[in-house]
$ cat data36.pdb   # PDB, C-alpha atoms
MODEL        1
ATOM      1  CA  MET A   1       8.399  17.464 -11.447  1.00  0.00           C
ATOM      2  CA  SER A   2       9.146  18.326  -7.820  1.00  0.00           C
ATOM      3  CA  THR A   3       9.318  15.605  -5.180  1.00  0.00           C
ATOM      4  CA  ASN A   4       6.147  16.922  -3.517  1.00  0.00           C
ATOM      5  CA  ALA A   5       4.264  16.895  -6.842  1.00  0.00           C
ATOM      6  CA  THR A   6       5.505  13.350  -7.485  1.00  0.00           C
ATOM      7  CA  ILE A   7       4.324  12.242  -4.033  1.00  0.00           C
ATOM      8  CA  THR A   8       0.908  13.861  -4.565  1.00  0.00           C
ATOM      9  CA  SER A   9       0.538  12.223  -7.992  1.00  0.00           C
ATOM     10  CA  THR A  10       1.575   8.887  -6.508  1.00  0.00           C
ATOM     11  CA  LEU A  11      -0.974   9.074  -3.675  1.00  0.00           C
ATOM     12  CA  ASN A  12      -3.729  10.083  -6.091  1.00  0.00           C
ATOM     13  CA  SER A  13      -2.737   7.221  -8.388  1.00  0.00           C
ATOM     14  CA  VAL A  14      -2.794   4.749  -5.483  1.00  0.00           C
ATOM     15  CA  ILE A  15      -6.402   5.771  -4.779  1.00  0.00           C
ATOM     16  CA  GLU A  16      -7.349   5.424  -8.471  1.00  0.00           C
ATOM     17  CA  VAL A  17      -5.701   1.998  -8.680  1.00  0.00           C
ATOM     18  CA  ILE A  18      -7.295   0.678  -5.486  1.00  0.00           C
ATOM     19  CA  LYS A  19     -10.719   1.737  -6.713  1.00  0.00           C
ATOM     20  CA  SER A  20     -10.131  -0.004 -10.056  1.00  0.00           C
ATOM     21  CA  VAL A  21      -8.474  -3.206  -8.765  1.00  0.00           C
ATOM     22  CA  ILE A  22     -10.598  -3.934  -5.692  1.00  0.00           C
ATOM     23  CA  PRO A  23     -14.313  -4.300  -6.497  1.00  0.00           C
ATOM     24  CA  VAL A  24     -15.493  -3.088  -3.086  1.00  0.00           C
ATOM     25  CA  PRO A  25     -16.813   0.377  -2.193  1.00  0.00           C
ATOM     26  CA  VAL A  26     -14.012   2.289  -0.478  1.00  0.00           C
ATOM     27  CA  THR A  27     -13.874   5.402   1.668  1.00  0.00           C
ATOM     28  CA  VAL A  28     -10.565   7.256   1.642  1.00  0.00           C
ATOM     29  CA  GLY A  29      -9.456   9.278   4.651  1.00  0.00           C
ATOM     30  CA  SER A  30      -7.063  12.197   4.788  1.00  0.00           C
ATOM     31  CA  PRO A  31      -3.340  11.572   4.315  1.00  0.00           C
ATOM     32  CA  SER A  32      -0.988  12.401   7.159  1.00  0.00           C
ATOM     33  CA  LEU A  33       2.755  12.334   7.751  1.00  0.00           C
ATOM     34  CA  THR A  34       4.232   9.770  10.059  1.00  0.00           C
ATOM     35  CA  GLN A  35       7.743   9.507  11.433  1.00  0.00           C
ATOM     36  CA  GLU A  36       9.985   6.583  12.051  1.00  0.00           C
ATOM     37  CA  PRO A  37       9.587   4.202  13.544  1.00  0.00           C
ATOM     38  CA  PHE A  38       6.311   3.245  11.943  1.00  0.00           C
ATOM     39  CA  GLN A  39       4.531   0.732  14.174  1.00  0.00           C
ATOM     40  CA  HIS A  40       3.210  -2.129  12.074  1.00  0.00           C
ATOM     41  CA  GLU A  41       0.584  -4.555  13.352  1.00  0.00           C
ATOM     42  CA  SER A  42      -1.270  -7.525  11.841  1.00  0.00           C
ATOM     43  CA  ILE A  43      -0.491  -8.123   8.131  1.00  0.00           C
ATOM     44  CA  GLY A  44       1.374  -5.793   5.832  1.00  0.00           C
ATOM     45  CA  VAL A  45       2.565  -6.209   2.288  1.00  0.00           C
ATOM     46  CA  PHE A  46       5.530  -4.122   1.158  1.00  0.00           C
ATOM     47  CA  VAL A  47       6.472  -3.445  -2.421  1.00  0.00           C
ATOM     48  CA  GLY A  48       9.735  -1.657  -3.071  1.00  0.00           C
ATOM     49  CA  ILE A  49       9.721   1.237  -5.513  1.00  0.00           C
ATOM     50  CA  THR A  50      12.687   2.462  -7.547  1.00  0.00           C
ATOM     51  CA  GLY A  51      12.913   5.182 -10.143  1.00  0.00           C
ATOM     52  CA  ASP A  52      11.504   8.689  -9.765  1.00  0.00           C
ATOM     53  CA  LEU A  53      10.275   8.077  -6.199  1.00  0.00           C
ATOM     54  CA  PRO A  54      12.421   5.492  -4.375  1.00  0.00           C
ATOM     55  CA  GLY A  55      10.760   3.987  -1.350  1.00  0.00           C
ATOM     56  CA  ARG A  56       8.156   1.422  -0.386  1.00  0.00           C
ATOM     57  CA  LEU A  57       4.432   1.079  -0.706  1.00  0.00           C
ATOM     58  CA  MET A  58       2.747  -0.785   2.127  1.00  0.00           C
ATOM     59  CA  ILE A  59      -0.804  -2.007   2.480  1.00  0.00           C
ATOM     60  CA  GLU A  60      -1.603  -2.864   6.079  1.00  0.00           C
ATOM     61  CA  GLY A  61      -4.744  -4.471   7.415  1.00  0.00           C
ATOM     62  CA  SER A  62      -6.107  -7.224   9.571  1.00  0.00           C
ATOM     63  CA  ALA A  63      -6.041 -10.864   8.530  1.00  0.00           C
ATOM     64  CA  GLU A  64      -9.838 -10.817   8.642  1.00  0.00           C
ATOM     65  CA  GLY A  65      -9.959  -7.765   6.361  1.00  0.00           C
ATOM     66  CA  PHE A  66      -7.577  -9.269   3.795  1.00  0.00           C
ATOM     67  CA  GLY A  67      -9.604 -12.483   3.924  1.00  0.00           C
ATOM     68  CA  LYS A  68     -12.835 -10.633   3.198  1.00  0.00           C
ATOM     69  CA  LEU A  69     -11.291  -8.717   0.282  1.00  0.00           C
ATOM     70  CA  GLY A  70      -9.904 -11.955  -1.139  1.00  0.00           C
ATOM     71  CA  SER A  71     -13.260 -13.666  -0.834  1.00  0.00           C
ATOM     72  CA  VAL A  72     -14.969 -10.854  -2.749  1.00  0.00           C
ATOM     73  CA  MET A  73     -12.287 -10.754  -5.448  1.00  0.00           C
ATOM     74  CA  PHE A  74     -12.011 -14.518  -5.973  1.00  0.00           C
ATOM     75  CA  GLY A  75     -15.498 -15.690  -5.041  1.00  0.00           C
ATOM     76  CA  MET A  76     -14.289 -18.237  -2.488  1.00  0.00           C
ATOM     77  CA  PRO A  77     -13.247 -18.157   1.166  1.00  0.00           C
ATOM     78  CA  ILE A  78      -9.678 -16.997   1.746  1.00  0.00           C
ATOM     79  CA  GLU A  79      -8.401 -18.363   5.061  1.00  0.00           C
ATOM     80  CA  GLY A  80      -5.226 -19.341   6.902  1.00  0.00           C
ATOM     81  CA  GLU A  81      -1.991 -19.160   4.897  1.00  0.00           C
ATOM     82  CA  MET A  82      -4.005 -18.201   1.831  1.00  0.00           C
ATOM     83  CA  ILE A  83      -4.563 -14.781   3.442  1.00  0.00           C
ATOM     84  CA  GLU A  84      -0.828 -14.097   3.500  1.00  0.00           C
ATOM     85  CA  SER A  85      -0.486 -15.255  -0.095  1.00  0.00           C
ATOM     86  CA  PHE A  86      -3.447 -13.124  -1.141  1.00  0.00           C
ATOM     87  CA  SER A  87      -2.009 -10.040   0.582  1.00  0.00           C
ATOM     88  CA  GLY A  88       1.152 -10.442  -1.515  1.00  0.00           C
ATOM     89  CA  GLU A  89      -0.864 -10.805  -4.713  1.00  0.00           C
ATOM     90  CA  LEU A  90      -2.932  -7.751  -3.805  1.00  0.00           C
ATOM     91  CA  GLY A  91       0.258  -5.754  -3.241  1.00  0.00           C
ATOM     92  CA  ASN A  92       1.543  -6.920  -6.634  1.00  0.00           C
ATOM     93  CA  MET A  93      -1.697  -5.951  -8.389  1.00  0.00           C
ATOM     94  CA  VAL A  94      -1.824  -2.513  -6.783  1.00  0.00           C
ATOM     95  CA  ALA A  95       1.870  -1.735  -7.339  1.00  0.00           C
ATOM     96  CA  GLY A  96       1.886  -3.053 -10.918  1.00  0.00           C
ATOM     97  CA  ASN A  97      -1.131  -0.984 -11.855  1.00  0.00           C
ATOM     98  CA  LEU A  98       0.376   1.969  -9.992  1.00  0.00           C
ATOM     99  CA  GLY A  99       3.459   1.790 -12.216  1.00  0.00           C
ATOM    100  CA  SER A 100       1.304   1.878 -15.357  1.00  0.00           C
ATOM    101  CA  ASN A 101      -0.865   4.693 -14.003  1.00  0.00           C
ATOM    102  CA  LEU A 102       2.146   6.825 -13.044  1.00  0.00           C
ATOM    103  CA  PHE A 103       3.874   6.216 -16.382  1.00  0.00           C
ATOM    104  CA  GLN A 104       0.892   7.834 -18.101  1.00  0.00           C
ATOM    105  CA  LYS A 105       1.529  10.881 -15.875  1.00  0.00           C
ATOM    106  CA  GLY A 106       5.222  11.078 -16.749  1.00  0.00           C
ATOM    107  CA  ILE A 107       6.518   9.381 -13.585  1.00  0.00           C
ATOM    108  CA  THR A 108       8.638   6.268 -14.002  1.00  0.00           C
ATOM    109  CA  ILE A 109       8.884   3.617 -11.286  1.00  0.00           C
ATOM    110  CA  ASP A 110       9.826  -0.023 -11.094  1.00  0.00           C
ATOM    111  CA  ILE A 111       8.608  -2.357  -8.380  1.00  0.00           C
ATOM    112  CA  THR A 112      10.124  -5.240  -6.456  1.00  0.00           C
ATOM    113  CA  PRO A 113       8.380  -8.493  -5.542  1.00  0.00           C
ATOM    114  CA  PRO A 114       6.143  -8.108  -2.480  1.00  0.00           C
ATOM    115  CA  THR A 115       7.319  -8.835   1.041  1.00  0.00           C
ATOM    116  CA  ILE A 116       4.700  -9.934   3.561  1.00  0.00           C
ATOM    117  CA  ILE A 117       5.140  -8.951   7.211  1.00  0.00           C
ATOM    118  CA  VAL A 118       2.962 -10.676   9.821  1.00  0.00           C
ATOM    119  CA  GLY A 119       2.777  -9.568  13.454  1.00  0.00           C
ATOM    120  CA  ASN A 120       4.037  -6.524  15.304  1.00  0.00           C
ATOM    121  CA  SER A 121       7.163  -4.722  14.137  1.00  0.00           C
ATOM    122  CA  LYS A 122       8.711  -1.283  13.809  1.00  0.00           C
ATOM    123  CA  LEU A 123       9.887   0.137  10.509  1.00  0.00           C
ATOM    124  CA  TYR A 124      12.874   2.456  10.189  1.00  0.00           C
ATOM    125  CA  GLY A 125      14.940   3.880   7.332  1.00  0.00           C
ATOM    126  CA  PHE A 126      12.719   6.362   5.549  1.00  0.00           C
ATOM    127  CA  LYS A 127      12.862  10.120   5.108  1.00  0.00           C
ATOM    128  CA  LYS A 128       9.105  10.641   4.981  1.00  0.00           C
ATOM    129  CA  ALA A 129       6.116   8.401   5.287  1.00  0.00           C
ATOM    130  CA  ILE A 130       2.621   9.351   4.300  1.00  0.00           C
ATOM    131  CA  GLN A 131      -0.199   7.213   5.615  1.00  0.00           C
ATOM    132  CA  LEU A 132      -3.576   7.096   3.961  1.00  0.00           C
ATOM    133  CA  PRO A 133      -6.429   5.415   5.838  1.00  0.00           C
ATOM    134  CA  ILE A 134      -8.930   3.569   3.691  1.00  0.00           C
ATOM    135  CA  LYS A 135     -12.038   1.638   4.632  1.00  0.00           C
ATOM    136  CA  PHE A 136     -13.525  -1.083   2.468  1.00  0.00           C
ATOM    137  CA  GLU A 137     -17.205  -1.847   2.832  1.00  0.00           C
ATOM    138  CA  ASN A 138     -17.624  -5.114   4.779  1.00  0.00           C
ATOM    139  CA  ALA A 139     -13.834  -5.622   4.996  1.00  0.00           C
ATOM    140  CA  GLY A 140     -12.773  -2.962   7.461  1.00  0.00           C
ATOM    141  CA  GLU A 141     -10.010  -0.453   7.786  1.00  0.00           C
ATOM    142  CA  PHE A 142      -6.667  -0.605   6.032  1.00  0.00           C
ATOM    143  CA  LEU A 143      -3.727   1.738   5.892  1.00  0.00           C
ATOM    144  CA  ILE A 144      -1.748   2.609   2.792  1.00  0.00           C
ATOM    145  CA  VAL A 145       1.727   3.850   3.688  1.00  0.00           C
ATOM    146  CA  LEU A 146       4.120   5.408   1.205  1.00  0.00           C
ATOM    147  CA  ASN A 147       7.650   5.414   2.669  1.00  0.00           C
ATOM    148  CA  ILE A 148      10.092   7.723   0.937  1.00  0.00           C
ATOM    149  CA  GLU A 149      13.685   6.465   1.233  1.00  0.00           C
ATOM    150  CA  ASN A 150      16.386   8.608   2.758  1.00  0.00           C
ATOM    151  CA  GLN A 151      17.934  10.648  -0.025  1.00  0.00           C
ATOM    152  CA  GLU A 152      21.233  12.499   0.116  1.00  0.00           C
TER     153      GLU A 152
ENDMDL
END
$ encode --input "data36.pdb" --output "structure tokens"
Amino acid sequence: MSTNATITSTLNSVIEVIKSVIPVPVTVGSPSLTQEPFQHESIGVFVGITGDLPGRLMIEGSAEGFGKLGSVMFGMPIEGEMIESFSGELGNMVAGNLGSNLFQKGITIDITPPTIIVGNSKLYGFKKAIQLPIKFENAGEFLIVLNIENQE
């Protein structure tokens, strides 16, 4: 499978997984390319990807948005440091299910433990990055970013 076909399958699988893991109506925007540096704000959870598509998957959103998603998923308020912990768990759930979904399509990936980034930062070190805006009902806008590592 070509790299572009793998990227397309991965983005489609991310959408499928998000819709199955997060029990909130979601609207998916159009994907677009972004270049380094990627400007990160608020809370982001990164999960490294190895295998057929080395890179990183990032879910970025506001603390309030992550808190609202967590409250819906766990039936209790998610506040303070629990928001950061929840964002990591959400990244783990999405990436883990993504690996299973892609395997069924003939794409093999492994994932790393999530890394949570809080505050403003710039991200470098990727060949391509595709950003996919998503909006969860009553939780706001998030951004899914698939960074493709530099490859020789």
$ atom_distance --input "data36.pdb" --atom1 "atom CA of A:Phe46" --atom2 "atom CA of A:Val118"
11.2 Å
$ atom_distance --input "data36.pdb" --atom1 "atom CA of A:Ile49" --atom2 "atom CA of A:Phe74"
26.8 Å
$ closest_residue --input "data36.pdb" --among "A:Leu53, A:Ala139, A:Met73, A:Leu123" --to "A:Thr6" --atoms "only C-alpha atoms"
A:Leu53
$ resolve_selection --input "data36.pdb" --expression "the PyMOL selection byres ((chain A and resi 12) around 12)" --output "number ranges by chain"
A: 5-11, 13-19, 28, 30-31, 98, 101-102, 105, 132, 144, 146
$ closest_atom_pairs --input "data36.pdb" --of "stretch 17-56 of chain A" --to "stretch 60-64 of chain A" --cutoff "10 Å" --atoms "only C-alpha atoms" --output "CSV"
residue,atom,partner,partner_atom,distance
A:His40,CA,A:Glu60,CA,7.7
A:Glu41,CA,A:Glu60,CA,7.8
A:Ser42,CA,A:Ser62,CA,5.4
A:Ile43,CA,A:Gly61,CA,5.7
A:Gly44,CA,A:Glu60,CA,4.2
A:Val45,CA,A:Glu60,CA,6.6
A:Phe46,CA,A:Glu60,CA,8.8
$ residues_around --input "data36.pdb" --residues "A:Pro114" --least-positions-apart "5" --cutoff "10 Å" --atoms "only C-alpha atoms" --output "list of chain:residue names"
A:Gly44, A:Val45, A:Phe46, A:Val47, A:Gly48, A:Arg56, A:Leu57, A:Met58, A:Ser87, A:Gly88, A:Glu89, A:Leu90, A:Gly91, A:Asn92, A:Ala95
$ closest_residue --input "data36.pdb" --among "A:Leu69, A:Thr50, A:Gly125, A:Asn4" --to "A:Pro113" --atoms "only C-alpha atoms"
A:Thr50
$ closest_residue --input "data36.pdb" --among "A:Pro54, A:Ile59, A:Gly75, A:Ile130" --to "A:Thr112" --atoms "only C-alpha atoms"
A:Pro54
$ residues_around --input "data36.pdb" --residues "A:Gly29" --least-positions-apart "5" --cutoff "9 Å" --atoms "only C-alpha atoms" --output "PyMOL selection string"
chain A and resi 132-135
$ axis_aligned_box --input "data36.pdb" --around "stretch 30-36 of chain A" --padding-each-side "3 Å" --output "lines of an AutoDock Vina configuration file"
center_x = 1.5
center_y = 9.5
center_z = 8.2
size_x = 23.0
size_y = 11.8
size_z = 13.7
$ atom_distance --input "data36.pdb" --atom1 "atom CA of A:Pro37" --atom2 "atom CA of A:Leu143"
15.6 Å
$ resolve_selection --input "data36.pdb" --expression "the PyMOL selection byres ((chain A and resi 68) around 8)" --output "VMD selection string"
chain A and resid 64 to 67 69 to 72 77 to 78 138 to 139
$ closest_residue --input "data36.pdb" --among "A:Met1, A:Ile107, A:Met76, A:Ile148" --to "A:Tyr124" --atoms "only C-alpha atoms"
A:Ile148
$ closest_residue --input "data36.pdb" --among "A:Phe86, A:Gly140, A:Asp52, A:Asp110" --to "A:Ser2" --atoms "only C-alpha atoms"
A:Asp52
$ closest_residue --input "data36.pdb" --among "A:Ser20, A:Asn147, A:Thr108, A:Asn120" --to "A:Glu36" --atoms "all atoms listed in the file"
A:Asn147
$ build_atoms --input "data36.pdb" --residues "stretch 130-141 of chain A" --atoms "all heavy atoms" --output "PDB file, keeping the file's coordinate frame"
ATOM      1  N   ILE A 130       3.974   8.819   4.346  1.00  0.00           N
ATOM      2  CA  ILE A 130       2.621   9.351   4.300  1.00  0.00           C
ATOM      3  C   ILE A 130       1.684   8.168   4.470  1.00  0.00           C
ATOM      4  O   ILE A 130       1.806   7.167   3.766  1.00  0.00           O
ATOM      5  CB  ILE A 130       2.337  10.068   2.966  1.00  0.00           C
ATOM      6  CG1 ILE A 130       3.258  11.285   2.815  1.00  0.00           C
ATOM      7  CG2 ILE A 130       0.891  10.530   2.909  1.00  0.00           C
ATOM      8  CD1 ILE A 130       4.403  11.035   1.937  1.00  0.00           C
ATOM      9  N   GLN A 131       0.774   8.286   5.427  1.00  0.00           N
ATOM     10  CA  GLN A 131      -0.199   7.213   5.615  1.00  0.00           C
ATOM     11  C   GLN A 131      -1.574   7.696   5.176  1.00  0.00           C
ATOM     12  O   GLN A 131      -1.940   8.841   5.397  1.00  0.00           O
ATOM     13  CB  GLN A 131      -0.198   6.695   7.037  1.00  0.00           C
ATOM     14  CG  GLN A 131      -0.385   7.720   8.109  1.00  0.00           C
ATOM     15  CD  GLN A 131      -0.210   7.109   9.490  1.00  0.00           C
ATOM     16  OE1 GLN A 131       0.249   5.984   9.648  1.00  0.00           O
ATOM     17  NE2 GLN A 131      -0.586   7.855  10.500  1.00  0.00           N
ATOM     18  N   LEU A 132      -2.270   6.795   4.521  1.00  0.00           N
ATOM     19  CA  LEU A 132      -3.576   7.096   3.961  1.00  0.00           C
ATOM     20  C   LEU A 132      -4.555   6.039   4.448  1.00  0.00           C
ATOM     21  O   LEU A 132      -4.482   4.881   4.027  1.00  0.00           O
ATOM     22  CB  LEU A 132      -3.478   7.079   2.425  1.00  0.00           C
ATOM     23  CG  LEU A 132      -4.726   7.438   1.642  1.00  0.00           C
ATOM     24  CD1 LEU A 132      -5.086   8.907   1.865  1.00  0.00           C
ATOM     25  CD2 LEU A 132      -4.477   7.179   0.164  1.00  0.00           C
ATOM     26  N   PRO A 133      -5.454   6.403   5.366  1.00  0.00           N
ATOM     27  CA  PRO A 133      -6.429   5.415   5.838  1.00  0.00           C
ATOM     28  C   PRO A 133      -7.511   5.178   4.776  1.00  0.00           C
ATOM     29  O   PRO A 133      -7.982   6.115   4.132  1.00  0.00           O
ATOM     30  CB  PRO A 133      -7.022   6.056   7.092  1.00  0.00           C
ATOM     31  CG  PRO A 133      -6.781   7.522   6.933  1.00  0.00           C
ATOM     32  CD  PRO A 133      -5.586   7.688   6.037  1.00  0.00           C
ATOM     33  N   ILE A 134      -7.847   3.920   4.604  1.00  0.00           N
ATOM     34  CA  ILE A 134      -8.930   3.569   3.691  1.00  0.00           C
ATOM     35  C   ILE A 134      -9.819   2.546   4.384  1.00  0.00           C
ATOM     36  O   ILE A 134      -9.352   1.766   5.218  1.00  0.00           O
ATOM     37  CB  ILE A 134      -8.429   3.023   2.334  1.00  0.00           C
ATOM     38  CG1 ILE A 134      -7.534   1.808   2.525  1.00  0.00           C
ATOM     39  CG2 ILE A 134      -7.711   4.097   1.549  1.00  0.00           C
ATOM     40  CD1 ILE A 134      -7.108   1.150   1.237  1.00  0.00           C
ATOM     41  N   LYS A 135     -11.086   2.579   4.035  1.00  0.00           N
ATOM     42  CA  LYS A 135     -12.038   1.638   4.632  1.00  0.00           C
ATOM     43  C   LYS A 135     -12.832   0.995   3.507  1.00  0.00           C
ATOM     44  O   LYS A 135     -13.454   1.680   2.696  1.00  0.00           O
ATOM     45  CB  LYS A 135     -12.970   2.362   5.597  1.00  0.00           C
ATOM     46  CG  LYS A 135     -13.905   1.415   6.323  1.00  0.00           C
ATOM     47  CD  LYS A 135     -14.704   2.144   7.387  1.00  0.00           C
ATOM     48  CE  LYS A 135     -15.567   1.143   8.127  1.00  0.00           C
ATOM     49  NZ  LYS A 135     -16.270   1.778   9.242  1.00  0.00           N
ATOM     50  N   PHE A 136     -12.777  -0.325   3.464  1.00  0.00           N
ATOM     51  CA  PHE A 136     -13.525  -1.083   2.468  1.00  0.00           C
ATOM     52  C   PHE A 136     -14.824  -1.571   3.087  1.00  0.00           C
ATOM     53  O   PHE A 136     -14.822  -2.097   4.200  1.00  0.00           O
ATOM     54  CB  PHE A 136     -12.721  -2.293   1.973  1.00  0.00           C
ATOM     55  CG  PHE A 136     -11.515  -1.928   1.185  1.00  0.00           C
ATOM     56  CD1 PHE A 136     -10.256  -1.953   1.752  1.00  0.00           C
ATOM     57  CD2 PHE A 136     -11.637  -1.542  -0.143  1.00  0.00           C
ATOM     58  CE1 PHE A 136      -9.140  -1.613   1.021  1.00  0.00           C
ATOM     59  CE2 PHE A 136     -10.528  -1.197  -0.888  1.00  0.00           C
ATOM     60  CZ  PHE A 136      -9.271  -1.225  -0.299  1.00  0.00           C
ATOM     61  N   GLU A 137     -15.907  -1.397   2.347  1.00  0.00           N
ATOM     62  CA  GLU A 137     -17.205  -1.847   2.832  1.00  0.00           C
ATOM     63  C   GLU A 137     -17.142  -3.342   3.132  1.00  0.00           C
ATOM     64  O   GLU A 137     -16.680  -4.140   2.316  1.00  0.00           O
ATOM     65  CB  GLU A 137     -18.265  -1.566   1.758  1.00  0.00           C
ATOM     66  CG  GLU A 137     -19.678  -1.870   2.192  1.00  0.00           C
ATOM     67  CD  GLU A 137     -20.674  -1.475   1.120  1.00  0.00           C
ATOM     68  OE1 GLU A 137     -20.930  -0.257   0.990  1.00  0.00           O
ATOM     69  OE2 GLU A 137     -21.163  -2.373   0.415  1.00  0.00           O
ATOM     70  N   ASN A 138     -17.570  -3.720   4.309  1.00  0.00           N
ATOM     71  CA  ASN A 138     -17.624  -5.114   4.779  1.00  0.00           C
ATOM     72  C   ASN A 138     -16.257  -5.788   4.905  1.00  0.00           C
ATOM     73  O   ASN A 138     -16.194  -7.005   5.059  1.00  0.00           O
ATOM     74  CB  ASN A 138     -18.528  -5.971   3.885  1.00  0.00           C
ATOM     75  CG  ASN A 138     -19.953  -5.473   3.881  1.00  0.00           C
ATOM     76  OD1 ASN A 138     -20.482  -5.071   4.910  1.00  0.00           O
ATOM     77  ND2 ASN A 138     -20.572  -5.462   2.715  1.00  0.00           N
ATOM     78  N   ALA A 139     -15.156  -5.023   4.816  1.00  0.00           N
ATOM     79  CA  ALA A 139     -13.834  -5.622   4.996  1.00  0.00           C
ATOM     80  C   ALA A 139     -12.996  -4.845   6.007  1.00  0.00           C
ATOM     81  O   ALA A 139     -11.932  -5.303   6.391  1.00  0.00           O
ATOM     82  CB  ALA A 139     -13.097  -5.714   3.659  1.00  0.00           C
ATOM     83  N   GLY A 140     -13.456  -3.682   6.408  1.00  0.00           N
ATOM     84  CA  GLY A 140     -12.773  -2.962   7.461  1.00  0.00           C
ATOM     85  C   GLY A 140     -11.740  -1.956   7.006  1.00  0.00           C
ATOM     86  O   GLY A 140     -11.642  -1.599   5.836  1.00  0.00           O
ATOM     87  N   GLU A 141     -10.971  -1.525   7.996  1.00  0.00           N
ATOM     88  CA  GLU A 141     -10.010  -0.453   7.786  1.00  0.00           C
ATOM     89  C   GLU A 141      -8.637  -0.995   7.409  1.00  0.00           C
ATOM     90  O   GLU A 141      -8.178  -1.993   7.956  1.00  0.00           O
ATOM     91  CB  GLU A 141      -9.907   0.398   9.051  1.00  0.00           C
ATOM     92  CG  GLU A 141     -11.215   1.099   9.366  1.00  0.00           C
ATOM     93  CD  GLU A 141     -11.146   1.958  10.613  1.00  0.00           C
ATOM     94  OE1 GLU A 141     -10.033   2.212  11.116  1.00  0.00           O
ATOM     95  OE2 GLU A 141     -12.218   2.371  11.078  1.00  0.00           O
TER      96      GLU A 141
END
